[in-house]
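**Q** One structure follows; several queries about it will come next.
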Amino acid sequence: MVSRIGKAVIEYLEWGKGVGALLSGIVYWIVFGPFKGKFPRRRYIFQQMVFAGLRSVLLVFFVDFFTGIVLAMQTAYQLEKMGAVIYVASLVAVSMCRELSPVLTGLVVAGRAGSAIAAELGTMKVTEQVEALDTMSINPVRFLCVSRFLALLLMVPCLVILGNLSGILGGFIVGTGSLHINPDLYMQTTFKHLEIKDVYTGLIKAVVFGMIIALIACFEGLNTKGGAEGVGRATTRSVVISFILIILADCVITAFFYFSKI
Amino acid sequence: MKPTDSRNPVISLKNVSKTFQNKKVIDNVSLDIYAGETFIIMGCSGSGKSTLLRVMNGTIRPDEGHVFIKDKDIYHISDEALANIKKNFGMLFQYSALLDSMTVEENVALPLDEHTKLADEIIKIIIKMKLSLVGLRGYEKYYPSQISGGMRKRVGLARAIALDPDIVFYDEPTSGLDPVVGGVIDKLIKDLSAKLLMTSVVVTHDMQSVFGIADRIAMVHKGAIVAVGTPDEIRRSDNPYIQQFINGKPEGPIDFFKEDIGIIQDF
């Protein structure tokens with residue numbers, strides 16, 4: 001029993017070491033790559049941004065839009081008892097921007113882009129393509145991971161802004177349609193209580209989530225072992241681990257902002 | 001080209017050993033390969049010949065021994081120096097290992113793009129030359145999934161020679177191909193060595209290509225070298241391992257059943 005726990009702990013430590021090494025590799029190439037003329041082509045980064053960002057737009061819109069609707073109805077149910085239905089507007093806006101939009105967008109991107117990255121890199125690994133890059137003395141981390149990392153780093157915050165807006169739109173539809181709040185009043189209340197710091201704390205979360213998704217997907221992809229089954233396992237692992245780490249990071253960051261009164 | 005021992009070897013292995021999960025995959029191998037020759041490493045599946053190739057091309061670090069490429073000990077220099085030496089290598093993989101997300105043209109252009117500062121127009125011309133060398137002009141815009149296995153191998157070959165390397169490694173170049181395409185690949189290997197004076201190291205168990213293209217042959221069994229010699233020497237050898245292997249006989253010293261745990265013990 002003790003030996004089994006010890007073995008599991010060692011495995012986790014090894015895993016953490018591997019992820020840390022990958023992160024330092026990626027950061028190294030982002031910082032020093034441009035000086036060596038070894039920065040990924042703009043074309044590759046753009047391709048990844050289109051794939052991870054643009055193709056997720058509709059999905060993020062719907063997820064956050066419906067969450068906005070649900071949130072408005074749920075809070076209205078409570079606030080009606082106190083005759084404070086008008087505060088639905090600010091509640092939806094603040095909780096979307098600070099919390100729900102970053103987390104939901106993160107989960108959507110992890111499920112969609114993260115799994116695709118893990119599957120793609122995993123397939124490349126098991127079909128010797130990664131080894132081929134290495135033999136051509138092209139560093140796989142530089143060639144494959146940096147562009148994906150940068151793409152997610154930039155696109156997740158953009159998607160979060162879109163998510164904020166679609167969540168507010170969802171709340172607006174419920175608020176004006178079914179709760180009969182005056183549209184002007186709804187928007188006024190929204191922006192009266194929504195502060196700029198609510199938006200940027202959400203965006204800081206988004207940047208961290210984007211990094212987590214790219215890092216875990218690249219790591220699991222590049223460490224795929226075995227054939228098709230290994231690719232499947234890497235994909236599942238990347239999604240599951242990203243989900244857990246996103247929630248964990250969200251908890252830590254929220255606590256930090258809450259206790260430091262930002 | 002007839003190799004002589006007086007010349008300096010391009011690749012030199014000294015007492016190289018490698019163990020994977022308590023199984024000795026390469027067992028104290030010493031080997032010299034000379035400039036311009038086509039050197040074939042043959043052996044059964046799982047005999048360690050592919051691992052031997054990867055030790056030579058700087059992918060797998062051996063546990064013991066030294067690998068010299070042109071007198072440089074490649075596992076005792078910095079990673080950057082090793083990366084520079086690797087630029088003089090080309091490698092053809094068993095399953096071609098083309099990048100699926102790129103077209104034929106982009107695949108061949110990749111090493112040029114990464115390691116040279118050539119203008120795009122010049123790279124385009126080089127790609128056309130390399131593709132015509134392997135008989136694939138006109139397939140520039142295809143993706144690897146749209147062409148046949150034999151064509152993928154030939155694209156892989158074009159990519160391997162894109163930078164005009166000194167040494168080209170071939171991992172089972174003809175496996176999984178029909179005899180005609182296999183013959184075409186063999187002829188390409190032979191031509192490239194003759195025209196571009198490349199040193200070729202070929203891992204294979206295809207007897208037709210072994211005796212068709214080899215200048216010298218090494219027979220590997222259980223990670224150790226059984227014999228090295230010219231095709232004639234190998235053919236006339238009275239070593240029972242070699243005779244069993246080149247004639248493909250089920251009975252002989254290479255025994256697949258000996259190591260199995262007895263069936264009765266299994267029950």
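Residue names in the structure tokens use chain letters A, B, ... in the order shown, residue numbers from 1 in each chain, and ligand numbers from 1 in the order shown.
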Would you please give, as a ChimeraX atom specification, all residues of segment 16-254 of chain B that DSSP assigns to alpha helix (DSSP H) based on the backbone?

**A** /B:49-56,79-86,104-115,120-133,149-160,179-196,207-213,231-236,240-247

**Q** Go through chain A residue by residue and, counting only C-alpha atoms, keep those with an atom at most 12 Å from chain B; for each kept residue give the shortest atom pair and its distance in Å to one decimal, ordered by chain and increasing number, as CSV.

**A**
```
residue,atom,partner,partner_atom,distance
A:Lys36,CA,B:Glu114,CA,11.5
A:Gly37,CA,B:Glu114,CA,9.4
A:Lys38,CA,B:Glu114,CA,7.9
A:Phe39,CA,B:Glu114,CA,10.3
A:Pro40,CA,B:Glu114,CA,9.9
A:Arg41,CA,B:Asp113,CA,10.3
A:Tyr44,CA,B:Ser101,CA,11.0
A:Gln47,CA,B:Ser101,CA,11.1
A:Gln48,CA,B:Ser101,CA,11.9
A:Glu120,CA,B:Ser101,CA,9.4
A:Leu121,CA,B:Leu99,CA,10.7
A:Thr123,CA,B:Asp100,CA,9.6
A:Met124,CA,B:Leu99,CA,7.6
A:Lys125,CA,B:Ala97,CA,9.7
A:Val126,CA,B:Ala97,CA,9.7
A:Thr127,CA,B:Ala97,CA,6.2
A:Glu128,CA,B:Ala97,CA,5.4
A:Gln129,CA,B:Ala97,CA,4.7
A:Val130,CA,B:Ala97,CA,8.3
A:Glu131,CA,B:Thr59,CA,8.0
A:Ala132,CA,B:Ala97,CA,6.3
A:Leu133,CA,B:Pro111,CA,8.9
A:Asp134,CA,B:Thr59,CA,7.7
A:Thr135,CA,B:Lys86,CA,6.6
A:Met136,CA,B:Lys87,CA,6.2
A:Ser137,CA,B:Ala83,CA,5.3
A:Ile138,CA,B:Glu114,CA,7.3
A:Asn139,CA,B:Ala83,CA,9.1
A:Arg142,CA,B:Glu114,CA,11.4
A:Phe143,CA,B:Glu114,CA,9.7
A:Leu144,CA,B:Leu99,CA,11.3
```

**Q** Produce a file of the selected residues containing C-alpha atoms, as a PDB file, in the first residue's frame.

**A**
```
ATOM      1  CA  LYS A  36      18.188  33.318 -33.368  1.00  0.00           C
ATOM      2  CA  GLY A  37      15.831  33.774 -36.284  1.00  0.00           C
ATOM      3  CA  LYS A  38      13.984  30.705 -35.067  1.00  0.00           C
ATOM      4  CA  PHE A  39      10.620  32.178 -34.193  1.00  0.00           C
ATOM      5  CA  PRO A  40       7.658  30.338 -35.693  1.00  0.00           C
ATOM      6  CA  ARG A  41       6.420  31.785 -38.953  1.00  0.00           C
ATOM      7  CA  TYR A  44       1.776  28.993 -38.483  1.00  0.00           C
ATOM      8  CA  GLN A  47      -3.274  29.063 -38.661  1.00  0.00           C
ATOM      9  CA  GLN A  48      -3.455  27.999 -35.031  1.00  0.00           C
ATOM     10  CA  GLU A 120      -2.685  15.840 -33.606  1.00  0.00           C
ATOM     11  CA  LEU A 121       0.637  15.866 -31.769  1.00  0.00           C
ATOM     12  CA  THR A 123      -0.589  11.056 -33.992  1.00  0.00           C
ATOM     13  CA  MET A 124       2.548  12.832 -35.140  1.00  0.00           C
ATOM     14  CA  LYS A 125       4.444  11.204 -32.308  1.00  0.00           C
ATOM     15  CA  VAL A 126       3.310   7.631 -33.013  1.00  0.00           C
ATOM     16  CA  THR A 127       3.831   7.946 -36.774  1.00  0.00           C
ATOM     17  CA  GLU A 128       7.484   9.036 -36.324  1.00  0.00           C
ATOM     18  CA  GLN A 129       6.759  12.592 -37.525  1.00  0.00           C
ATOM     19  CA  VAL A 130       8.106  14.108 -34.312  1.00  0.00           C
ATOM     20  CA  GLU A 131      11.224  11.948 -34.616  1.00  0.00           C
ATOM     21  CA  ALA A 132      11.560  13.060 -38.231  1.00  0.00           C
ATOM     22  CA  LEU A 133      11.592  16.699 -37.108  1.00  0.00           C
ATOM     23  CA  ASP A 134      14.236  15.851 -34.542  1.00  0.00           C
ATOM     24  CA  THR A 135      16.376  14.097 -37.167  1.00  0.00           C
ATOM     25  CA  MET A 136      16.144  17.176 -39.381  1.00  0.00           C
ATOM     26  CA  SER A 137      17.451  19.039 -36.293  1.00  0.00           C
ATOM     27  CA  ILE A 138      14.204  20.973 -36.025  1.00  0.00           C
ATOM     28  CA  ASN A 139      13.334  21.252 -32.344  1.00  0.00           C
ATOM     29  CA  ARG A 142       9.916  25.141 -31.032  1.00  0.00           C
ATOM     30  CA  PHE A 143       8.282  23.960 -34.230  1.00  0.00           C
ATOM     31  CA  LEU A 144       5.049  22.510 -32.827  1.00  0.00           C
TER      32      LEU A 144
END
```

**Q** Quick one: residues within 10 Å of Lys197 of chain A, only C-alpha atoms counted, chain neighbours fewer than 4 positions away excluded, as a PyMOL selection string?

**A** chain A and resi 97-98+201-203+262

**Q** Those same residues, written as an mmCIF file, in the first residue's frame with N, CA and C atoms?

**A**
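Listing of again_0.cif after writing:
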```cif
data_model
loop_
_atom_site.group_PDB
_atom_site.id
_atom_site.type_symbol
_atom_site.label_atom_id
_atom_site.label_comp_id
_atom_site.auth_asym_id
_atom_site.auth_seq_id
_atom_site.Cartn_x
_atom_site.Cartn_y
_atom_site.Cartn_z
ATOM 1 N N CYS A 97 -18.535 38.221 -16.218
ATOM 2 C CA CYS A 97 -17.199 38.749 -16.519
ATOM 3 C C CYS A 97 -16.138 38.211 -15.564
ATOM 4 N N ARG A 98 -16.472 38.150 -14.282
ATOM 5 C CA ARG A 98 -15.464 37.752 -13.300
ATOM 6 C C ARG A 98 -15.231 36.260 -13.287
ATOM 7 N N THR A 201 -9.847 41.199 -14.377
ATOM 8 C CA THR A 201 -9.559 39.974 -13.601
ATOM 9 C C THR A 201 -9.986 38.747 -14.402
ATOM 10 N N GLY A 202 -11.111 38.878 -15.110
ATOM 11 C CA GLY A 202 -11.555 37.766 -15.965
ATOM 12 C C GLY A 202 -10.553 37.476 -17.063
ATOM 13 N N LEU A 203 -9.979 38.547 -17.625
ATOM 14 C CA LEU A 203 -9.023 38.343 -18.717
ATOM 15 C C LEU A 203 -7.720 37.732 -18.222
ATOM 16 N N ILE A 262 -8.743 43.186 -4.869
ATOM 17 C CA ILE A 262 -8.692 43.771 -6.203
ATOM 18 C C ILE A 262 -10.095 43.662 -6.826
#
```

**Q** How many Å separate atom CA of Lys14 of chain B from atom CA of Glu233 of chain B?

**A**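 That distance, rounded to one decimal, is 23.5 Å.
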
**Q** From segment 20-63 of chain B, collect each residue whose DSSP state is strand (DSSP E or B) and return the set as a count of residues only.

**A** 19

**Q** If we count only C-alpha atoms and set the cut-off at 9 Å, which residues sit around segment 190-205 of chain B, ignoring sequence neighbours fewer than 2 positions away in its own chain? Please answer as a PyMOL selection string.

**A** chain B and resi 1+10+33-45+49-50+53+161+164-175+185-188+207-210+212-214+245-246

**Q** List the neighbours of Gly46 of chain B out to 9 Å using only C-alpha atoms; skip same-chain residues closer than 5 positions along the sequence, and give me the result as a ChimeraX atom specification.

**A** /B:25,221-223
